[in-house]
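Structure data follow from structure-v1.txt (compact mmCIF, C-alpha atoms):
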# COMPACT_ATOMS: atom_id res chain seq x y z
CA MET W 1 5.55 20.32 -138.27
CA ASN W 2 8.18 21.54 -135.82
CA VAL W 3 9.16 19.81 -132.56
CA PRO W 4 7.18 22.08 -130.17
CA ASN W 5 4.00 21.45 -132.17
CA GLN W 6 4.72 17.70 -132.16
CA ILE W 7 5.04 17.85 -128.37
CA THR W 8 1.71 19.68 -128.20
CA ILE W 9 0.08 17.00 -130.39
CA SER W 10 1.51 14.31 -128.08
CA ARG W 11 -0.28 16.02 -125.16
CA ILE W 12 -3.56 15.66 -127.05
CA LEU W 13 -2.82 12.00 -127.84
CA LEU W 14 -2.26 11.22 -124.14
CA ILE W 15 -5.85 12.25 -123.31
CA PRO W 16 -7.52 8.98 -124.47
CA ILE W 17 -4.91 6.95 -122.58
CA PHE W 18 -5.62 8.98 -119.44
CA LEU W 19 -9.37 8.46 -119.89
CA ILE W 20 -9.04 4.70 -120.39
CA ILE W 21 -6.86 4.29 -117.29
CA MET W 22 -9.20 6.41 -115.15
CA LEU W 23 -12.56 5.10 -116.38
CA ALA W 24 -12.09 1.51 -117.55
CA PRO W 25 -12.92 -1.09 -114.90
CA PHE W 26 -9.32 -2.12 -114.23
CA GLU W 27 -8.81 -3.82 -110.86
CA TRP W 28 -5.23 -2.96 -110.02
CA GLY W 29 -5.91 -2.64 -106.32
CA ASN W 30 -5.35 0.22 -103.89
CA MET W 31 -2.27 1.81 -102.41
CA HIS W 32 -1.46 3.89 -99.37
CA LEU W 33 1.01 6.63 -100.23
CA LEU W 34 2.03 9.68 -98.18
CA GLY W 35 -1.17 9.70 -96.15
CA ALA W 36 -3.56 9.06 -99.05
CA ASP W 37 -5.46 5.91 -99.91
CA LEU W 38 -6.05 5.69 -103.63
CA PRO W 39 -6.68 3.16 -106.37
CA VAL W 40 -3.58 2.33 -108.40
CA THR W 41 -5.50 3.42 -111.52
CA HIS W 42 -5.91 6.92 -110.05
CA PHE W 43 -2.19 7.06 -109.28
CA VAL W 44 -1.27 5.96 -112.82
CA GLY W 45 -3.86 8.33 -114.31
CA ALA W 46 -2.46 11.19 -112.22
CA LEU W 47 1.07 10.43 -113.45
CA ILE W 48 -0.14 10.48 -117.06
CA PHE W 49 -1.98 13.75 -116.44
CA ILE W 50 1.04 15.34 -114.74
CA PHE W 51 3.38 14.17 -117.51
CA ALA W 52 1.03 15.44 -120.22
CA SER W 53 0.66 18.75 -118.38
CA SER W 54 4.42 19.16 -118.07
CA THR W 55 4.78 19.00 -121.84
CA ASP W 56 3.07 22.42 -121.90
CA TRP W 57 6.17 23.93 -120.32
CA VAL W 58 8.52 21.87 -122.52
CA ASP W 59 6.95 22.85 -125.85
CA GLY W 60 6.78 26.53 -124.87
CA TYR W 61 10.39 26.60 -123.68
CA TYR W 62 11.63 24.82 -126.79
CA ALA W 63 9.61 27.09 -129.12
CA ARG W 64 10.93 30.27 -127.49
CA LYS W 65 14.53 29.11 -127.14
CA TYR W 66 14.87 28.02 -130.77
CA ASN W 67 12.59 30.69 -132.23
CA LEU W 68 10.02 28.13 -133.37
CA VAL W 69 6.92 30.02 -132.26
CA THR W 70 4.23 29.60 -134.92
CA ASN W 71 0.60 30.64 -135.29
CA MET W 72 -0.28 26.95 -135.31
CA GLY W 73 1.50 26.53 -131.97
CA LYS W 74 -0.18 29.62 -130.51
CA PHE W 75 -3.51 28.05 -131.40
CA LEU W 76 -2.78 24.37 -130.64
CA ASP W 77 -0.99 24.84 -127.31
CA PRO W 78 -3.90 26.43 -125.41
CA LEU W 79 -6.33 24.08 -127.18
CA ALA W 80 -4.35 21.06 -125.96
CA ASP W 81 -4.38 22.50 -122.43
CA LYS W 82 -8.14 23.02 -122.58
CA LEU W 83 -8.80 19.50 -123.89
CA LEU W 84 -6.60 17.88 -121.24
CA VAL W 85 -7.98 19.94 -118.37
CA SER W 86 -11.59 19.49 -119.52
CA ALA W 87 -11.17 15.71 -119.83
CA ALA W 88 -9.65 15.49 -116.35
CA LEU W 89 -12.35 17.69 -114.80
CA VAL W 90 -15.13 15.60 -116.34
CA VAL W 91 -13.46 12.46 -114.96
CA LEU W 92 -13.29 14.08 -111.51
CA VAL W 93 -17.01 14.89 -111.64
CA ASP W 94 -17.76 11.34 -112.79
CA LEU W 95 -15.77 9.96 -109.85
CA GLY W 96 -17.44 12.36 -107.41
CA TYR W 97 -14.27 14.31 -106.54
CA ALA W 98 -15.26 17.70 -107.99
CA ALA W 99 -18.45 19.75 -107.87
CA SER W 100 -20.14 19.76 -111.25
CA TRP W 101 -20.99 23.49 -111.09
CA ILE W 102 -17.31 24.40 -110.65
CA VAL W 103 -16.38 22.23 -113.62
CA ILE W 104 -19.17 23.77 -115.72
CA VAL W 105 -17.87 27.29 -114.95
CA ILE W 106 -14.28 26.30 -115.81
CA ILE W 107 -15.18 24.51 -119.05
CA SER W 108 -17.60 27.27 -120.08
CA ARG W 109 -14.82 29.84 -119.72
CA GLU W 110 -12.55 27.64 -121.84
CA PHE W 111 -15.17 27.37 -124.61
CA ALA W 112 -15.87 31.11 -124.49
CA VAL W 113 -12.19 32.05 -124.77
CA THR W 114 -11.66 29.52 -127.56
CA GLY W 115 -14.62 31.01 -129.44
CA LEU W 116 -13.21 34.49 -129.00
CA ARG W 117 -9.81 33.26 -130.20
CA LEU W 118 -11.48 31.93 -133.36
CA LEU W 119 -13.10 35.31 -133.97
CA LEU W 120 -9.74 36.99 -133.49
CA VAL W 121 -8.07 34.58 -135.93
CA GLU W 122 -10.82 35.31 -138.45
CA GLY W 123 -9.90 38.99 -138.11
CA GLY W 124 -6.22 38.23 -138.65
CA GLU W 125 -5.17 38.33 -134.98
CA VAL W 126 -3.56 35.48 -133.07
CA VAL W 127 -3.39 36.14 -129.36
CA ALA W 128 -1.00 34.00 -127.34
CA ALA W 129 -1.75 33.16 -123.73
CA ASN W 130 -0.78 35.93 -121.30
CA ASN W 131 0.68 35.48 -117.81
CA LEU W 132 -2.73 35.42 -116.13
CA GLY W 133 -3.84 32.68 -118.50
CA LYS W 134 -0.69 30.70 -117.73
CA ILE W 135 -1.27 31.07 -113.98
CA LYS W 136 -4.85 29.88 -114.53
CA THR W 137 -3.63 26.82 -116.41
CA TRP W 138 -1.09 25.88 -113.74
CA ALA W 139 -3.64 26.47 -110.96
CA GLN W 140 -5.98 24.08 -112.75
CA ILE W 141 -3.22 21.50 -113.23
CA ILE W 142 -2.22 21.65 -109.55
CA ALA W 143 -5.85 21.32 -108.40
CA ILE W 144 -6.57 18.42 -110.75
CA SER W 145 -3.36 16.65 -109.75
CA ALA W 146 -4.18 17.02 -106.05
CA LEU W 147 -7.70 15.68 -106.62
CA LEU W 148 -6.49 12.76 -108.75
CA LEU W 149 -3.94 11.89 -106.06
CA HIS W 150 -6.59 12.06 -103.29
CA ASN W 151 -4.96 15.00 -101.52
CA ILE W 152 -1.64 13.18 -101.15
CA ILE W 153 0.68 14.51 -98.41
CA PHE W 154 -1.92 16.99 -97.13
CA GLU W 155 -4.17 14.13 -96.04
CA MET W 156 -1.64 13.39 -93.28
CA ILE W 157 -2.30 16.77 -91.64
CA GLY W 158 -5.98 16.94 -92.47
CA PHE W 159 -5.69 19.98 -94.73
CA PRO W 160 -8.05 19.95 -97.75
CA PHE W 161 -5.42 21.26 -100.16
CA ASP W 162 -7.19 19.64 -103.11
CA ASP W 163 -10.43 21.54 -102.41
CA VAL W 164 -8.62 24.83 -101.75
CA ALA W 165 -6.60 24.37 -104.96
CA LEU W 166 -9.81 23.81 -106.94
CA TRP W 167 -11.26 27.07 -105.57
CA VAL W 168 -8.04 28.92 -106.44
CA ALA W 169 -8.22 27.45 -109.96
CA LEU W 170 -11.85 28.59 -110.23
CA ILE W 171 -10.93 32.14 -109.16
CA PHE W 172 -8.06 32.37 -111.67
CA THR W 173 -10.24 30.84 -114.38
CA VAL W 174 -12.94 33.49 -113.96
CA TRP W 175 -10.42 36.31 -113.52
CA SER W 176 -8.37 35.39 -116.59
CA GLY W 177 -11.54 34.95 -118.65
CA TRP W 178 -12.75 38.40 -117.64
CA ASP W 179 -9.32 39.85 -118.45
CA TYR W 180 -9.20 38.13 -121.86
CA PHE W 181 -12.64 39.35 -122.86
CA SER W 182 -12.10 42.90 -121.58
CA LYS W 183 -8.89 43.21 -123.61
CA ASN W 184 -10.49 41.85 -126.79
CA MET W 185 -13.94 43.45 -126.79
CA HIS W 186 -13.01 45.26 -130.02
CA VAL W 187 -13.93 42.06 -131.86
CA PHE W 188 -17.58 42.49 -130.87
CA LYS W 189 -17.60 46.24 -131.50
CA ASN W 190 -16.21 45.80 -135.01
CA SER W 191 -18.50 42.93 -136.07
CA LYS W 192 -21.93 43.78 -137.38
Let me see whether you can do it: turn the structure in this file into structure tokens.
Amino acid sequence: MNVPNQITISRILLIPIFLIIMLAPFEWGNMHLLGADLPVTHFVGALIFIFASSTDWVDGYYARKYNLVTNMGKFLDPLADKLLVSAALVVLVDLGYAASWIVIVIISREFAVTGLRLLLVEGGEVVAANNLGKIKTWAQIIAISALLLHNIIFEMIGFPFDDVALWVALIFTVWSGWDYFSKNMHVFKNSK
């Protein structure tokens, strides 16, 4: 297994650590940071999430730079993103920081696109993420980070950046899902 794929696997392995930090009843106290009051566990969980999310850029850069792009990587990389984002969104619903219906729409899109990807693979096609899909992923990561960090910095000026970012992520999620399905409808037309 090449280095970019190992980095992708490490992103997946960070998910249980993130979940334990965020959901276990640790009493590490609270902190006030850049206008936000948040439990230390949320701060540590956010750092783990941000670090894990940043490996998405690292593995992609490394794979392209050293010509190590593989079909396994094209499949695993978006899967790792979906698993990490889905886990974080479920945590945010559990903590009461995100509306469940928004999370259901986002996760449903992720399942639908993953299912379509599997159909494409079955037909011999591997479709890498396009630019709209990458924007969607980063919009989700920014929104989740802002929510995990209790709207840090923006809380000082009373601007609900975390909520706005979640809406932007929702819009890009729906838009990129529509785009992905419209470009790959041939799978449904050819299967009978």
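Taking CA of Phe18 (chain W) and CA of Ile171 (chain W) as endpoints, the distance between them is 25.9 Å.
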Within 9 Å of Thr55 (chain W), counting all atoms listed in the file, which residues qualify if same-chain residues fewer than 6 places away don't, as a list in words? Ile7, Thr8, Ser10 and Arg11 of chain W
Given all atoms listed in the file as the counted atoms, nearest of W:Ile104, W:Ile153, W:Ala36, W:Ala80 to Thr173 (chain W):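 Using all atoms listed in the file, the shortest distance to Thr173 (chain W) belongs to W:Ile104.
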May I have the residues within 7 Å of Thr41 (chain W) as a VMD selection string, using only C-alpha atoms and disregarding those fewer than 6 positions away in the same chain? chain W and resid 21 to 22 28
Mind dumping a table of every region 47-89 of chain W residue within 8 Å of region 120-129 of chain W, with the nearest atom pair and its distance in Å to one decimal, using all atoms listed in the file, sorted by chain and rising number, as CSV?
residue,atom,partner,partner_atom,distance
W:Asn71,CA,W:Val126,CA,6.8
W:Lys74,CA,W:Ala128,CA,5.5
W:Phe75,CA,W:Val126,CA,7.6
W:Pro78,CA,W:Ala129,CA,7.3
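Distance annotation: of W:Gly177, W:Gly158, W:Gly45, W:Gly29, the residue with the minimal separation from Leu92 (chain W) is W:Gly45; atom set is all atoms listed in the file.
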Which residue gives the smallest distance to Ile144 (chain W) among W:Thr114, W:Gly73, W:Leu119, W:Trp167, with only C-alpha atoms counted?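 Once distances to Ile144 (chain W) are computed over only C-alpha atoms, the minimum belongs to W:Trp167.
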Near-Ile48 (chain W) list (10 Å; only C-alpha atoms; drop same-chain fewer than 3 positions) as number ranges by chain: W: 11, 14-15, 17-19, 21, 42-45, 51-54
Selected residues, C-alpha atoms, written as a PDB file, keeping the file's coordinate frame, please.
ATOM      1  CA  ARG W  11      -0.280  16.020-125.160  1.00  0.00           C
ATOM      2  CA  LEU W  14      -2.260  11.220-124.140  1.00  0.00           C
ATOM      3  CA  ILE W  15      -5.850  12.250-123.310  1.00  0.00           C
ATOM      4  CA  ILE W  17      -4.910   6.950-122.580  1.00  0.00           C
ATOM      5  CA  PHE W  18      -5.620   8.980-119.440  1.00  0.00           C
ATOM      6  CA  LEU W  19      -9.370   8.460-119.890  1.00  0.00           C
ATOM      7  CA  ILE W  21      -6.860   4.290-117.290  1.00  0.00           C
ATOM      8  CA  HIS W  42      -5.910   6.920-110.050  1.00  0.00           C
ATOM      9  CA  PHE W  43      -2.190   7.060-109.280  1.00  0.00           C
ATOM     10  CA  VAL W  44      -1.270   5.960-112.820  1.00  0.00           C
ATOM     11  CA  GLY W  45      -3.860   8.330-114.310  1.00  0.00           C
ATOM     12  CA  PHE W  51       3.380  14.170-117.510  1.00  0.00           C
ATOM     13  CA  ALA W  52       1.030  15.440-120.220  1.00  0.00           C
ATOM     14  CA  SER W  53       0.660  18.750-118.380  1.00  0.00           C
ATOM     15  CA  SER W  54       4.420  19.160-118.070  1.00  0.00           C
TER      16      SER W  54
END
Under the rule that all atoms listed in the file are counted, which of W:Gln140, W:Ser145, W:Asn30, W:Asn151 is the nearest residue to Ile107 (chain W)? W:Gln140
May I have the residues at most 6 Å from (-3.4, 18.0, -103.1) in the file's coordinates, counting only C-alpha atoms, as a PyMOL selection string? chain W and resi 146+151-152+161-162
For Pro160 (chain W): contacts at 10 Å, all atoms listed in the file, fewer than 3 positions along chain excluded, given as number ranges by chain: W: 146-147, 150-152, 154-155, 157, 163-165
In Å and to one decimal, CA of Gly133 (chain W) is distant from CA of Leu79 (chain W) by 12.5 Å
A straight line from CA of Ala112 (chain W) to CA of Val91 (chain W) spans 21.1 Å
Residue nearest Leu118 (chain W) - candidates W:Val85, W:Ser100, W:Tyr66, W:Asn184, atoms counted: only C-alpha atoms: W:Asn184
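Checking W:Leu13, W:Met72, W:Met185, W:Ala88 one by one against Leu116 (chain W), counting all atoms listed in the file, you find the shortest gap at W:Met185.
Within 8 Å of the point (-16.4, 29.5, -112.1) in file coordinates, and counting all atoms listed in the file, lie the residues Trp101, Ile102, Val103, Ile104, Val105, Ile106, Arg109, Leu170, Ile171, Thr173 and Val174 of chain W.
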Around all the atoms of region 159-165 of chain W listed in the file, with 8 Å of room on each side, what axis-aligned box do you get, giving centre and edge lengths in Å to one decimal, as lines of an AutoDock Vina configuration file?
center_x = -7.9
center_y = 22.2
center_z = -99.8
size_x = 21.0
size_y = 21.2
size_z = 26.2
Using all atoms listed in the file, determine which residues lie at most 10 Å from Asn2 (chain W), disregarding the query and same-chain residues fewer than 6 positions distant; provide the list as number ranges by chain. W: 63, 68-70, 73
Save the residues we just selected, C-alpha atoms, as an mmCIF file, in the coordinates of the input?
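Result saved to result21.cif:
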data_model
loop_
_atom_site.group_PDB
_atom_site.id
_atom_site.type_symbol
_atom_site.label_atom_id
_atom_site.label_comp_id
_atom_site.auth_asym_id
_atom_site.auth_seq_id
_atom_site.Cartn_x
_atom_site.Cartn_y
_atom_site.Cartn_z
ATOM 1 C CA ALA W 63 9.610 27.090 -129.120
ATOM 2 C CA LEU W 68 10.020 28.130 -133.370
ATOM 3 C CA VAL W 69 6.920 30.020 -132.260
ATOM 4 C CA THR W 70 4.230 29.600 -134.920
ATOM 5 C CA GLY W 73 1.500 26.530 -131.970
#
File output for region 127-144 of chain W (N, CA, C and O atoms) as a PDB file, in the first residue's frame:
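Output below, filename selection.pdb:
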ATOM      1  N   VAL W 127     -14.650   7.017 -10.775  1.00  0.00           N
ATOM      2  CA  VAL W 127     -14.777   8.460 -10.939  1.00  0.00           C
ATOM      3  C   VAL W 127     -14.191   9.149  -9.716  1.00  0.00           C
ATOM      4  O   VAL W 127     -14.674   8.959  -8.599  1.00  0.00           O
ATOM      5  N   ALA W 128     -13.142   9.920  -9.919  1.00  0.00           N
ATOM      6  CA  ALA W 128     -12.544  10.677  -8.829  1.00  0.00           C
ATOM      7  C   ALA W 128     -13.428  11.882  -8.521  1.00  0.00           C
ATOM      8  O   ALA W 128     -14.235  12.308  -9.335  1.00  0.00           O
ATOM      9  N   ALA W 129     -13.229  12.442  -7.337  1.00  0.00           N
ATOM     10  CA  ALA W 129     -13.999  13.621  -6.946  1.00  0.00           C
ATOM     11  C   ALA W 129     -13.668  14.794  -7.864  1.00  0.00           C
ATOM     12  O   ALA W 129     -12.514  15.011  -8.216  1.00  0.00           O
ATOM     13  N   ASN W 130     -14.702  15.536  -8.267  1.00  0.00           N
ATOM     14  CA  ASN W 130     -14.468  16.716  -9.099  1.00  0.00           C
ATOM     15  C   ASN W 130     -14.341  17.950  -8.199  1.00  0.00           C
ATOM     16  O   ASN W 130     -14.438  17.864  -6.982  1.00  0.00           O
ATOM     17  N   ASN W 131     -14.137  19.110  -8.811  1.00  0.00           N
ATOM     18  CA  ASN W 131     -13.931  20.333  -8.028  1.00  0.00           C
ATOM     19  C   ASN W 131     -15.132  20.689  -7.163  1.00  0.00           C
ATOM     20  O   ASN W 131     -14.973  21.139  -6.030  1.00  0.00           O
ATOM     21  N   LEU W 132     -16.333  20.485  -7.674  1.00  0.00           N
ATOM     22  CA  LEU W 132     -17.529  20.786  -6.888  1.00  0.00           C
ATOM     23  C   LEU W 132     -17.601  19.884  -5.658  1.00  0.00           C
ATOM     24  O   LEU W 132     -17.955  20.334  -4.564  1.00  0.00           O
ATOM     25  N   GLY W 133     -17.248  18.622  -5.837  1.00  0.00           N
ATOM     26  CA  GLY W 133     -17.212  17.693  -4.713  1.00  0.00           C
ATOM     27  C   GLY W 133     -16.167  18.083  -3.687  1.00  0.00           C
ATOM     28  O   GLY W 133     -16.377  17.945  -2.472  1.00  0.00           O
ATOM     29  N   LYS W 134     -15.037  18.589  -4.153  1.00  0.00           N
ATOM     30  CA  LYS W 134     -13.991  19.036  -3.231  1.00  0.00           C
ATOM     31  C   LYS W 134     -14.423  20.285  -2.466  1.00  0.00           C
ATOM     32  O   LYS W 134     -14.170  20.405  -1.263  1.00  0.00           O
ATOM     33  N   ILE W 135     -15.102  21.207  -3.152  1.00  0.00           N
ATOM     34  CA  ILE W 135     -15.624  22.401  -2.477  1.00  0.00           C
ATOM     35  C   ILE W 135     -16.644  21.982  -1.422  1.00  0.00           C
ATOM     36  O   ILE W 135     -16.651  22.490  -0.300  1.00  0.00           O
ATOM     37  N   LYS W 136     -17.495  21.027  -1.771  1.00  0.00           N
ATOM     38  CA  LYS W 136     -18.495  20.504  -0.829  1.00  0.00           C
ATOM     39  C   LYS W 136     -17.814  19.954   0.409  1.00  0.00           C
ATOM     40  O   LYS W 136     -18.199  20.261   1.544  1.00  0.00           O
ATOM     41  N   THR W 137     -16.763  19.167   0.209  1.00  0.00           N
ATOM     42  CA  THR W 137     -16.060  18.557   1.341  1.00  0.00           C
ATOM     43  C   THR W 137     -15.459  19.633   2.235  1.00  0.00           C
ATOM     44  O   THR W 137     -15.614  19.593   3.458  1.00  0.00           O
ATOM     45  N   TRP W 138     -14.800  20.621   1.641  1.00  0.00           N
ATOM     46  CA  TRP W 138     -14.185  21.673   2.459  1.00  0.00           C
ATOM     47  C   TRP W 138     -15.242  22.554   3.125  1.00  0.00           C
ATOM     48  O   TRP W 138     -15.037  23.008   4.264  1.00  0.00           O
ATOM     49  N   ALA W 139     -16.366  22.788   2.476  1.00  0.00           N
ATOM     50  CA  ALA W 139     -17.445  23.542   3.112  1.00  0.00           C
ATOM     51  C   ALA W 139     -17.959  22.790   4.339  1.00  0.00           C
ATOM     52  O   ALA W 139     -18.229  23.392   5.389  1.00  0.00           O
ATOM     53  N   GLN W 140     -18.086  21.474   4.207  1.00  0.00           N
ATOM     54  CA  GLN W 140     -18.522  20.658   5.340  1.00  0.00           C
ATOM     55  C   GLN W 140     -17.497  20.706   6.471  1.00  0.00           C
ATOM     56  O   GLN W 140     -17.856  20.854   7.645  1.00  0.00           O
ATOM     57  N   ILE W 141     -16.225  20.592   6.127  1.00  0.00           N
ATOM     58  CA  ILE W 141     -15.164  20.602   7.135  1.00  0.00           C
ATOM     59  C   ILE W 141     -15.128  21.937   7.872  1.00  0.00           C
ATOM     60  O   ILE W 141     -14.999  21.977   9.104  1.00  0.00           O
ATOM     61  N   ILE W 142     -15.261  23.037   7.147  1.00  0.00           N
ATOM     62  CA  ILE W 142     -15.260  24.361   7.780  1.00  0.00           C
ATOM     63  C   ILE W 142     -16.466  24.507   8.709  1.00  0.00           C
ATOM     64  O   ILE W 142     -16.333  24.975   9.846  1.00  0.00           O
ATOM     65  N   ALA W 143     -17.637  24.086   8.245  1.00  0.00           N
ATOM     66  CA  ALA W 143     -18.848  24.190   9.073  1.00  0.00           C
ATOM     67  C   ALA W 143     -18.723  23.340  10.334  1.00  0.00           C
ATOM     68  O   ALA W 143     -19.028  23.812  11.444  1.00  0.00           O
ATOM     69  N   ILE W 144     -18.276  22.115  10.178  1.00  0.00           N
ATOM     70  CA  ILE W 144     -18.141  21.218  11.333  1.00  0.00           C
ATOM     71  C   ILE W 144     -17.117  21.772  12.315  1.00  0.00           C
ATOM     72  O   ILE W 144     -17.352  21.782  13.530  1.00  0.00           O
TER      73      ILE W 144
END
